[in-house]
file work.json (JSON, C-alpha atoms)
[["chain", "number", "residue", "atom", "x", "y", "z"],
["A", 4, "MET", "CA", -18.90, -34.14, 6.96],
["A", 5, "GLU", "CA", -15.17, -34.53, 6.28],
["A", 6, "HIS", "CA", -15.59, -33.01, 2.79],
["A", 7, "ARG", "CA", -17.46, -30.06, 4.32],
["A", 8, "ASN", "CA", -14.60, -29.39, 6.75],
["A", 9, "ASP", "CA", -12.00, -29.80, 3.98],
["A", 10, "THR", "CA", -13.79, -27.32, 1.73],
["A", 11, "ARG", "CA", -14.34, -24.85, 4.56],
["A", 12, "SER", "CA", -10.70, -25.18, 5.56],
["A", 13, "GLN", "CA", -9.61, -24.66, 1.96],
["A", 14, "ILE", "CA", -11.63, -21.44, 1.75],
["A", 15, "LEU", "CA", -10.13, -20.18, 5.03],
["A", 16, "THR", "CA", -6.56, -21.12, 4.11],
["A", 17, "THR", "CA", -6.84, -19.46, 0.73],
["A", 18, "GLY", "CA", -8.59, -16.48, 2.29],
["A", 19, "ARG", "CA", -5.84, -16.04, 4.86],
["A", 20, "ARG", "CA", -3.21, -15.94, 2.12],
["A", 21, "LEU", "CA", -5.19, -13.51, -0.04],
["A", 22, "THR", "CA", -6.12, -11.32, 2.94],
["A", 23, "ALA", "CA", -2.46, -11.11, 3.99],
["A", 24, "GLN", "CA", -1.65, -9.87, 0.50],
["A", 25, "GLN", "CA", -4.65, -7.67, -0.31],
["A", 26, "GLY", "CA", -6.48, -6.92, 2.93],
["A", 27, "TYR", "CA", -9.98, -8.03, 3.87],
["A", 28, "THR", "CA", -11.90, -5.62, 1.66],
["A", 29, "GLY", "CA", -9.50, -6.22, -1.23],
["A", 30, "VAL", "CA", -10.48, -9.88, -1.49],
["A", 31, "GLY", "CA", -13.66, -10.34, -3.49],
["A", 32, "LEU", "CA", -15.70, -13.49, -3.01],
["A", 33, "ASN", "CA", -15.41, -14.48, -6.67],
["A", 34, "ALA", "CA", -11.60, -14.26, -6.60],
["A", 35, "LEU", "CA", -11.47, -16.10, -3.28],
["A", 36, "LEU", "CA", -13.63, -18.98, -4.47],
["A", 37, "LYS", "CA", -11.84, -19.22, -7.81],
["A", 38, "GLU", "CA", -8.45, -19.35, -6.05],
["A", 39, "ALA", "CA", -9.76, -21.91, -3.53],
["A", 40, "GLY", "CA", -11.22, -24.03, -6.34],
["A", 41, "VAL", "CA", -14.68, -23.95, -4.78],
["A", 42, "PRO", "CA", -17.84, -23.44, -6.89],
["A", 43, "LYS", "CA", -19.26, -19.94, -6.59],
["A", 44, "GLY", "CA", -22.59, -21.08, -5.18],
["A", 45, "SER", "CA", -20.92, -23.08, -2.40],
["A", 46, "PHE", "CA", -19.66, -20.18, -0.31],
["A", 47, "TYR", "CA", -22.96, -19.62, 1.48],
["A", 48, "HIS", "CA", -23.15, -23.31, 2.30],
["A", 49, "TYR", "CA", -20.12, -22.80, 4.55],
["A", 50, "PHE", "CA", -20.59, -19.19, 5.68],
["A", 51, "ALA", "CA", -23.79, -17.18, 6.12],
["A", 52, "SER", "CA", -22.14, -13.99, 4.83],
["A", 53, "LYS", "CA", -18.78, -12.44, 4.02],
["A", 54, "GLU", "CA", -18.74, -11.10, 7.57],
["A", 55, "ALA", "CA", -19.30, -14.62, 8.97],
["A", 56, "TYR", "CA", -16.42, -15.78, 6.80],
["A", 57, "GLY", "CA", -14.29, -12.88, 8.12],
["A", 58, "CYS", "CA", -15.15, -13.85, 11.70],
["A", 59, "ALA", "CA", -14.19, -17.47, 10.99],
["A", 60, "LEU", "CA", -10.93, -16.32, 9.39],
["A", 61, "LEU", "CA", -10.04, -14.17, 12.41],
["A", 62, "ASN", "CA", -11.12, -16.81, 14.94],
["A", 63, "GLU", "CA", -8.88, -19.35, 13.25],
["A", 64, "PHE", "CA", -5.94, -16.91, 13.20],
["A", 65, "VAL", "CA", -6.41, -15.81, 16.83],
["A", 66, "THR", "CA", -6.64, -19.43, 18.01],
["A", 67, "GLU", "CA", -3.55, -20.46, 16.06],
["A", 68, "TYR", "CA", -1.64, -17.38, 17.23],
["A", 69, "GLY", "CA", -2.62, -18.08, 20.85],
["A", 70, "VAL", "CA", -1.15, -21.58, 20.64],
["A", 71, "ARG", "CA", 2.13, -20.22, 19.23],
["A", 72, "LEU", "CA", 2.18, -17.41, 21.79],
["A", 73, "LYS", "CA", 1.75, -19.81, 24.73],
["A", 74, "ALA", "CA", 4.50, -22.05, 23.40],
["A", 75, "SER", "CA", 6.81, -19.06, 22.93],
["A", 76, "LEU", "CA", 6.18, -17.36, 26.27],
["A", 77, "ALA", "CA", 6.20, -20.61, 28.24],
["A", 78, "HIS", "CA", 9.39, -22.10, 26.76],
["A", 79, "PRO", "CA", 10.72, -24.36, 29.55],
["A", 80, "ASP", "CA", 14.41, -23.82, 28.76],
["A", 81, "MET", "CA", 14.39, -20.02, 28.98],
["A", 82, "ASP", "CA", 13.93, -17.50, 31.76],
["A", 83, "ALA", "CA", 11.02, -15.06, 31.52],
["A", 84, "ARG", "CA", 13.05, -12.10, 30.23],
["A", 85, "SER", "CA", 14.61, -14.23, 27.48],
["A", 86, "ARG", "CA", 11.18, -15.57, 26.50],
["A", 87, "LEU", "CA", 9.78, -12.05, 26.28],
["A", 88, "PHE", "CA", 12.60, -10.74, 24.11],
["A", 89, "THR", "CA", 12.62, -13.85, 21.93],
["A", 90, "TYR", "CA", 8.91, -13.26, 21.28],
["A", 91, "PHE", "CA", 9.52, -9.66, 20.20],
["A", 92, "GLU", "CA", 12.55, -10.61, 18.13],
["A", 93, "GLY", "CA", 10.31, -13.12, 16.34],
["A", 94, "TRP", "CA", 7.71, -10.38, 15.87],
["A", 95, "ARG", "CA", 10.32, -8.08, 14.33],
["A", 96, "THR", "CA", 11.56, -10.82, 11.99],
["A", 97, "LYS", "CA", 8.05, -11.76, 10.83],
["A", 98, "GLN", "CA", 6.93, -8.17, 10.27],
["A", 99, "LEU", "CA", 9.99, -7.57, 8.09],
["A", 100, "SER", "CA", 9.44, -10.74, 6.05],
["A", 101, "SER", "CA", 8.92, -10.31, 2.33],
["A", 102, "ASN", "CA", 6.13, -12.90, 2.59],
["A", 103, "PRO", "CA", 2.88, -11.13, 3.64],
["A", 104, "GLU", "CA", 1.59, -14.39, 5.18],
["A", 105, "ASP", "CA", 4.35, -14.27, 7.80],
["A", 106, "ARG", "CA", 3.10, -10.94, 9.13],
["A", 107, "CYS", "CA", 0.55, -10.61, 11.89],
["A", 108, "LEU", "CA", -3.04, -10.51, 10.65],
["A", 109, "VAL", "CA", -4.02, -8.41, 13.69],
["A", 110, "VAL", "CA", -1.64, -5.68, 12.50],
["A", 111, "LYS", "CA", -2.91, -6.00, 8.93],
["A", 112, "LEU", "CA", -6.62, -5.91, 9.72],
["A", 113, "SER", "CA", -7.09, -3.93, 12.92],
["A", 114, "ALA", "CA", -7.62, -0.56, 11.25],
["A", 115, "GLU", "CA", -9.43, -2.05, 8.26],
["A", 116, "VAL", "CA", -12.15, -4.01, 10.06],
["A", 117, "ALA", "CA", -12.69, -1.64, 12.99],
["A", 118, "ASP", "CA", -15.36, 0.28, 11.08],
["A", 119, "LEU", "CA", -16.65, -2.65, 9.03],
["A", 120, "SER", "CA", -17.78, -5.22, 11.54],
["A", 121, "GLU", "CA", -18.48, -5.11, 15.25],
["A", 122, "ASP", "CA", -18.16, -8.90, 15.44],
["A", 123, "MET", "CA", -14.78, -8.94, 13.69],
["A", 124, "SER", "CA", -13.58, -6.07, 15.89],
["A", 125, "SER", "CA", -14.65, -8.03, 18.97],
["A", 126, "ILE", "CA", -12.65, -11.06, 17.85],
["A", 127, "LEU", "CA", -9.57, -8.91, 17.29],
["A", 128, "GLN", "CA", -10.03, -7.18, 20.65],
["A", 129, "LYS", "CA", -10.30, -10.52, 22.45],
["A", 130, "GLY", "CA", -7.15, -11.71, 20.70],
["A", 131, "VAL", "CA", -5.29, -8.54, 21.69],
["A", 132, "SER", "CA", -6.50, -8.84, 25.30],
["A", 133, "ASP", "CA", -5.24, -12.42, 25.46],
["A", 134, "ILE", "CA", -1.84, -11.44, 24.08],
["A", 135, "ILE", "CA", -1.50, -8.62, 26.61],
["A", 136, "ALA", "CA", -2.49, -10.98, 29.44],
["A", 137, "HIS", "CA", 0.22, -13.46, 28.37],
["A", 138, "LEU", "CA", 2.79, -10.67, 28.20],
["A", 139, "ALA", "CA", 1.78, -9.43, 31.66],
["A", 140, "ARG", "CA", 2.15, -12.95, 33.09],
["A", 141, "THR", "CA", 5.60, -13.17, 31.56],
["A", 142, "LEU", "CA", 6.57, -9.85, 33.19],
["A", 143, "GLU", "CA", 5.32, -11.19, 36.53],
["A", 144, "GLN", "CA", 7.25, -14.44, 36.03],
["A", 145, "GLY", "CA", 10.36, -12.40, 35.29],
["A", 146, "ALA", "CA", 10.00, -10.65, 38.65],
["A", 147, "GLU", "CA", 9.62, -14.07, 40.29],
["A", 148, "ASP", "CA", 12.63, -15.64, 38.57],
["A", 149, "GLY", "CA", 14.76, -12.53, 39.10],
["A", 150, "THR", "CA", 15.31, -11.62, 35.45],
["A", 151, "ILE", "CA", 12.97, -8.60, 35.28],
["A", 152, "VAL", "CA", 12.68, -5.85, 37.85],
["A", 153, "SER", "CA", 9.39, -6.04, 39.77],
["A", 154, "LEU", "CA", 6.90, -3.71, 38.07],
["A", 155, "GLU", "CA", 4.15, -1.86, 39.90],
["A", 156, "ASN", "CA", 1.59, -2.62, 37.19],
["A", 157, "PRO", "CA", 2.66, -5.42, 34.81],
["A", 158, "GLU", "CA", -0.67, -5.33, 32.96],
["A", 159, "ALA", "CA", -0.33, -1.65, 32.09],
["A", 160, "ARG", "CA", 3.31, -2.16, 31.06],
["A", 161, "ALA", "CA", 2.38, -5.13, 28.86],
["A", 162, "GLU", "CA", -0.41, -3.11, 27.24],
["A", 163, "MET", "CA", 1.93, -0.16, 26.59],
["A", 164, "ILE", "CA", 4.57, -2.41, 25.04],
["A", 165, "TYR", "CA", 2.06, -4.28, 22.87],
["A", 166, "HIS", "CA", 0.50, -1.05, 21.60],
["A", 167, "MET", "CA", 3.96, 0.31, 20.83],
["A", 168, "TRP", "CA", 4.78, -2.79, 18.78],
["A", 169, "LEU", "CA", 1.49, -2.54, 16.87],
["A", 170, "GLY", "CA", 2.27, 1.05, 15.97],
["A", 171, "ALA", "CA", 5.86, 0.20, 15.04],
["A", 172, "SER", "CA", 4.59, -2.59, 12.79],
["A", 173, "LEU", "CA", 2.27, -0.22, 10.96],
["A", 174, "ILE", "CA", 5.08, 2.30, 10.46],
["A", 175, "ALA", "CA", 7.41, -0.47, 9.26],
["A", 176, "SER", "CA", 4.78, -1.50, 6.70],
["A", 177, "ILE", "CA", 4.40, 2.06, 5.47],
["A", 178, "SER", "CA", 8.11, 2.88, 5.39],
["A", 179, "HIS", "CA", 9.42, -0.54, 4.31],
["A", 180, "SER", "CA", 12.11, -0.01, 6.93],
["A", 181, "ASP", "CA", 13.06, -1.76, 10.15],
["A", 182, "ALA", "CA", 13.74, 1.53, 11.98],
["A", 183, "ALA", "CA", 10.42, 1.64, 13.88],
["A", 184, "LEU", "CA", 10.72, -2.01, 14.94],
["A", 185, "ASN", "CA", 14.30, -1.46, 16.07],
["A", 186, "SER", "CA", 13.13, 1.55, 18.10],
["A", 187, "ALA", "CA", 10.36, -0.58, 19.61],
["A", 188, "MET", "CA", 12.94, -3.17, 20.65],
["A", 189, "ASP", "CA", 15.13, -0.47, 22.22],
["A", 190, "ALA", "CA", 12.13, 0.98, 24.07],
["A", 191, "THR", "CA", 11.08, -2.49, 25.24],
["A", 192, "THR", "CA", 14.56, -3.07, 26.63],
["A", 193, "ALA", "CA", 14.22, 0.19, 28.60],
["A", 194, "LEU", "CA", 10.68, -0.65, 29.76],
["A", 195, "VAL", "CA", 11.62, -4.18, 30.90],
["A", 196, "PRO", "CA", 14.83, -3.67, 32.86],
["A", 197, "ALA", "CA", 16.78, -6.47, 34.42],
["A", 198, "PRO", "CA", 17.19, -6.07, 38.23]]
call {"tool": "encode", "arguments": {"input": "work.json", "output": "structure tokens"}}
result
Amino acid sequence: MEHRNDTRSQILTTGRRLTAQQGYTGVGLNALLKEAGVPKGSFYHYFASKEAYGCALLNEFVTEYGVRLKASLAHPDMDARSRLFTYFEGWRTKQLSSNPEDRCLVVKLSAEVADLSEDMSSILQKGVSDIIAHLARTLEQGAEDGTIVSLENPEARAEMIYHMWLGASLIASISHSDAALNSAMDATTALVPAP
């Protein structure tokens, strides 16, 4: 069973790297398996279809991202406002990285898989909903610790900010410029005022 998990993990790790570089549809199964060093006939032993593989890839990413997000937004040595802005500063840095693997897979794949797979879209939507919920909790904690003005609807504000950052990330990818991400940071500062 250990070999099975190692091989499956190798396919997913290689697939994540290739998908970050080429997109989901740009990665053919033959190229993926060759790069992963897995025999061609073995893929369907681990995944029922390319879509099942895509779902596994996204589930793994969303789970891993959720762990990092919780650690970032729950940092015990920082107040809520500092945690929120540190998270977005990290986002800006990663989206501007020259290494495609550093960038958010949600940003990379959201438009691409929306029309391809209902299951993959559902996984992405659940991941996005979880991120927004964490951001909303951080806004509420900021009101409690006195670092963020009390907001009438923290969930709606978190959703607006997250959507703005997704859009800014797409524009940054297209333009190869940090201008949209810098604007998103400025807008976030205005949308999350200190008391």
call {"tool": "closest_residue", "arguments": {"input": "work.json", "among": "A:Glu63, A:Ala146, A:Thr28, A:Tyr56", "to": "Asp118 in chain A", "atoms": "all atoms listed in the file"}}
result
A:Thr28
call {"tool": "residues_around", "arguments": {"input": "work.json", "residues": "Pro198 in chain A", "least_positions_apart": "3", "cutoff": "7 Å", "atoms": "all atoms listed in the file", "output": "list in words"}}
result
Gly149, Thr150, Ile151 and Val152 of chain A
call {"tool": "atom_distance", "arguments": {"input": "work.json", "atom1": "CA of Thr89 in chain A", "atom2": "CA of Met188 in chain A"}}
result
10.8 Å
call {"tool": "closest_atom_pairs", "arguments": {"input": "work.json", "of": "range 80-137 of chain A", "to": "range 157-162 of chain A", "cutoff": "12 Å", "atoms": "only C-alpha atoms", "output": "tab-separated table"}}
result
residue	atom	partner	partner_atom	distance
A:Leu87	CA	A:Ala161	CA	10.5
A:Val131	CA	A:Glu162	CA	9.2
A:Ser132	CA	A:Glu162	CA	8.6
A:Asp133	CA	A:Glu162	CA	10.6
A:Ile134	CA	A:Ala161	CA	9.0
A:Ile135	CA	A:Glu162	CA	5.7
A:Ala136	CA	A:Glu158	CA	6.9
A:His137	CA	A:Ala161	CA	8.6
call {"tool": "atom_distance", "arguments": {"input": "work.json", "atom1": "CA of Gln128 in chain A", "atom2": "CA of His48 in chain A"}}
result
27.7 Å
call {"tool": "residues_around", "arguments": {"input": "work.json", "residues": "range 64-74 of chain A", "least_positions_apart": "5", "cutoff": "9 Å", "atoms": "all atoms listed in the file", "output": "ChimeraX atom specification"}}
result
/A:19,59,90,107-109,126-127,129-131,133-134,137
call {"tool": "write_last_selection", "arguments": {"input": "work.json", "atoms": "C-alpha atoms", "output": "compact mmCIF listing (two decimals), in the coordinates of the input"}}
result
# COMPACT_ATOMS: atom_id res chain seq x y z
CA ARG A 19 -5.84 -16.04 4.86
CA ALA A 59 -14.19 -17.47 10.99
CA TYR A 90 8.91 -13.26 21.28
CA CYS A 107 0.55 -10.61 11.89
CA LEU A 108 -3.04 -10.51 10.65
CA VAL A 109 -4.02 -8.41 13.69
CA ILE A 126 -12.65 -11.06 17.85
CA LEU A 127 -9.57 -8.91 17.29
CA LYS A 129 -10.30 -10.52 22.45
CA GLY A 130 -7.15 -11.71 20.70
CA VAL A 131 -5.29 -8.54 21.69
CA ASP A 133 -5.24 -12.42 25.46
CA ILE A 134 -1.84 -11.44 24.08
CA HIS A 137 0.22 -13.46 28.37
call {"tool": "residues_around", "arguments": {"input": "work.json", "residues": "Ala39 in chain A", "least_positions_apart": "4", "cutoff": "9 Å", "atoms": "only C-alpha atoms", "output": "list in words"}}
result
Thr10, Gln13, Ile14, Leu15, Thr16, Thr17, Gly18, Ala34 and Leu35 of chain A
call {"tool": "axis_aligned_box", "arguments": {"input": "work.json", "around": "range 53-66 of chain A", "padding_each_side": "6 Å", "output": "lines of an AutoDock Vina configuration file"}}
result
center_x = -12.6
center_y = -15.3
center_z = 11.0
size_x = 25.4
size_y = 20.3
size_z = 26.0
call {"tool": "closest_residue", "arguments": {"input": "work.json", "among": "A:Ser12, A:Ser101, A:Leu184, A:Glu54", "to": "Gly40 in chain A", "atoms": "all atoms listed in the file"}}
result
A:Ser12
call {"tool": "closest_atom_pairs", "arguments": {"input": "work.json", "of": "range 49-143 of chain A", "to": "range 189-193 of chain A", "cutoff": "10 Å", "atoms": "all atoms listed in the file", "output": "JSON lines"}}
result
{"residue": "A:Arg84", "atom": "CA", "partner": "A:Thr192", "partner_atom": "CA", "distance": 9.8}
{"residue": "A:Leu87", "atom": "CA", "partner": "A:Thr191", "partner_atom": "CA", "distance": 9.7}
{"residue": "A:Phe88", "atom": "CA", "partner": "A:Thr192", "partner_atom": "CA", "distance": 8.3}
{"residue": "A:Phe91", "atom": "CA", "partner": "A:Thr191", "partner_atom": "CA", "distance": 8.9}
call {"tool": "closest_residue", "arguments": {"input": "work.json", "among": "A:Leu61, A:Val30, A:Val41, A:Ala51", "to": "Met123 in chain A", "atoms": "only C-alpha atoms"}}
result
A:Leu61
call {"tool": "atom_distance", "arguments": {"input": "work.json", "atom1": "CA of Val116 in chain A", "atom2": "CA of Tyr27 in chain A"}}
result
7.7 Å
call {"tool": "closest_residue", "arguments": {"input": "work.json", "among": "A:Ser125, A:Ser186, A:Tyr47, A:Glu147", "to": "Asp82 in chain A", "atoms": "all atoms listed in the file"}}
result
A:Glu147
call {"tool": "closest_residue", "arguments": {"input": "work.json", "among": "A:Leu99, A:Leu142, A:Val195, A:Leu119", "to": "Ser172 in chain A", "atoms": "all atoms listed in the file"}}
result
A:Leu99
call {"tool": "closest_residue", "arguments": {"input": "work.json", "among": "A:Ser124, A:Arg11, A:Trp168, A:Glu143", "to": "Gly93 in chain A", "atoms": "only C-alpha atoms"}}
result
A:Trp168
call {"tool": "residues_around", "arguments": {"input": "work.json", "residues": "Lys43 in chain A", "least_positions_apart": "3", "cutoff": "7 Å", "atoms": "all atoms listed in the file", "output": "MDAnalysis selection string"}}
result
chainID A and resid 33 36 46
call {"tool": "write_last_selection", "arguments": {"input": "work.json", "atoms": "C-alpha atoms", "output": "PDB file, in the frame of the given file"}}
result
ATOM      1  CA  ASN A  33     -15.410 -14.480  -6.670  1.00  0.00           C
ATOM      2  CA  LEU A  36     -13.630 -18.980  -4.470  1.00  0.00           C
ATOM      3  CA  PHE A  46     -19.660 -20.180  -0.310  1.00  0.00           C
TER       4      PHE A  46
END
call {"tool": "decode", "arguments": {"input": "work.json", "residues": "range 116-181 of chain A", "atoms": "C-alpha atoms", "output": "compact mmCIF listing (two decimals), in the first residue's frame"}}
result
# COMPACT_ATOMS: atom_id res chain seq x y z
CA VAL A 116 -11.90 24.43 -15.00
CA ALA A 117 -15.18 26.28 -14.50
CA ASP A 118 -16.54 24.98 -17.80
CA LEU A 119 -14.68 21.67 -17.78
CA SER A 120 -15.75 19.92 -14.64
CA GLU A 121 -18.57 20.46 -12.18
CA ASP A 122 -16.71 18.41 -9.56
CA MET A 123 -13.50 20.42 -9.93
CA SER A 124 -15.48 23.67 -9.82
CA SER A 125 -17.16 22.49 -6.61
CA ILE A 126 -13.80 21.79 -5.00
CA LEU A 127 -12.54 25.25 -5.95
CA GLN A 128 -15.75 26.89 -4.71
CA LYS A 129 -15.49 25.10 -1.37
CA GLY A 130 -11.88 26.22 -1.06
CA VAL A 131 -12.83 29.82 -1.86
CA SER A 132 -15.71 29.72 0.66
CA ASP A 133 -13.35 28.48 3.37
CA ILE A 134 -10.84 31.23 2.63
CA ILE A 135 -13.54 33.90 2.78
CA ALA A 136 -14.82 32.47 6.08
CA HIS A 137 -11.31 32.66 7.58
CA LEU A 138 -10.91 36.23 6.36
CA ALA A 139 -14.30 37.18 7.84
CA ARG A 140 -13.32 35.67 11.20
CA THR A 141 -10.11 37.67 11.13
CA LEU A 142 -12.09 40.87 10.48
CA GLU A 143 -14.34 40.02 13.43
CA GLN A 144 -11.31 39.31 15.63
CA GLY A 145 -9.86 42.67 14.61
CA ALA A 146 -13.02 44.39 15.86
CA GLU A 147 -12.69 42.43 19.12
CA ASP A 148 -9.00 43.22 19.64
CA GLY A 149 -9.47 46.87 18.63
CA THR A 150 -7.26 46.85 15.53
CA ILE A 151 -10.02 46.94 12.89
CA VAL A 152 -13.11 49.11 12.95
CA SER A 153 -16.27 47.08 13.61
CA LEU A 154 -17.84 46.22 10.25
CA GLU A 155 -21.56 45.82 9.70
CA ASN A 156 -21.09 42.73 7.53
CA PRO A 157 -17.61 41.15 7.84
CA GLU A 158 -18.55 38.25 5.56
CA ALA A 159 -19.52 40.55 2.69
CA ARG A 160 -16.38 42.64 3.21
CA ALA A 161 -14.19 39.53 3.24
CA GLU A 162 -15.84 38.28 0.05
CA MET A 163 -15.36 41.66 -1.67
CA ILE A 164 -11.69 41.80 -0.69
CA TYR A 165 -11.01 38.21 -1.76
CA HIS A 166 -12.69 38.71 -5.13
CA MET A 167 -10.71 41.90 -5.64
CA TRP A 168 -7.45 40.04 -4.96
CA LEU A 169 -8.40 37.25 -7.38
CA GLY A 170 -9.04 39.80 -10.10
CA ALA A 171 -5.84 41.68 -9.30
CA SER A 172 -3.89 38.42 -9.51
CA LEU A 173 -5.30 37.67 -12.96
CA ILE A 174 -4.42 41.17 -14.17
CA ALA A 175 -0.93 40.86 -12.69
CA SER A 176 -0.46 37.60 -14.60
CA ILE A 177 -1.59 39.18 -17.85
CA SER A 178 0.37 42.40 -17.44
CA HIS A 179 3.47 40.97 -15.73
CA SER A 180 3.24 43.99 -13.45
CA ASP A 181 2.63 44.48 -9.74
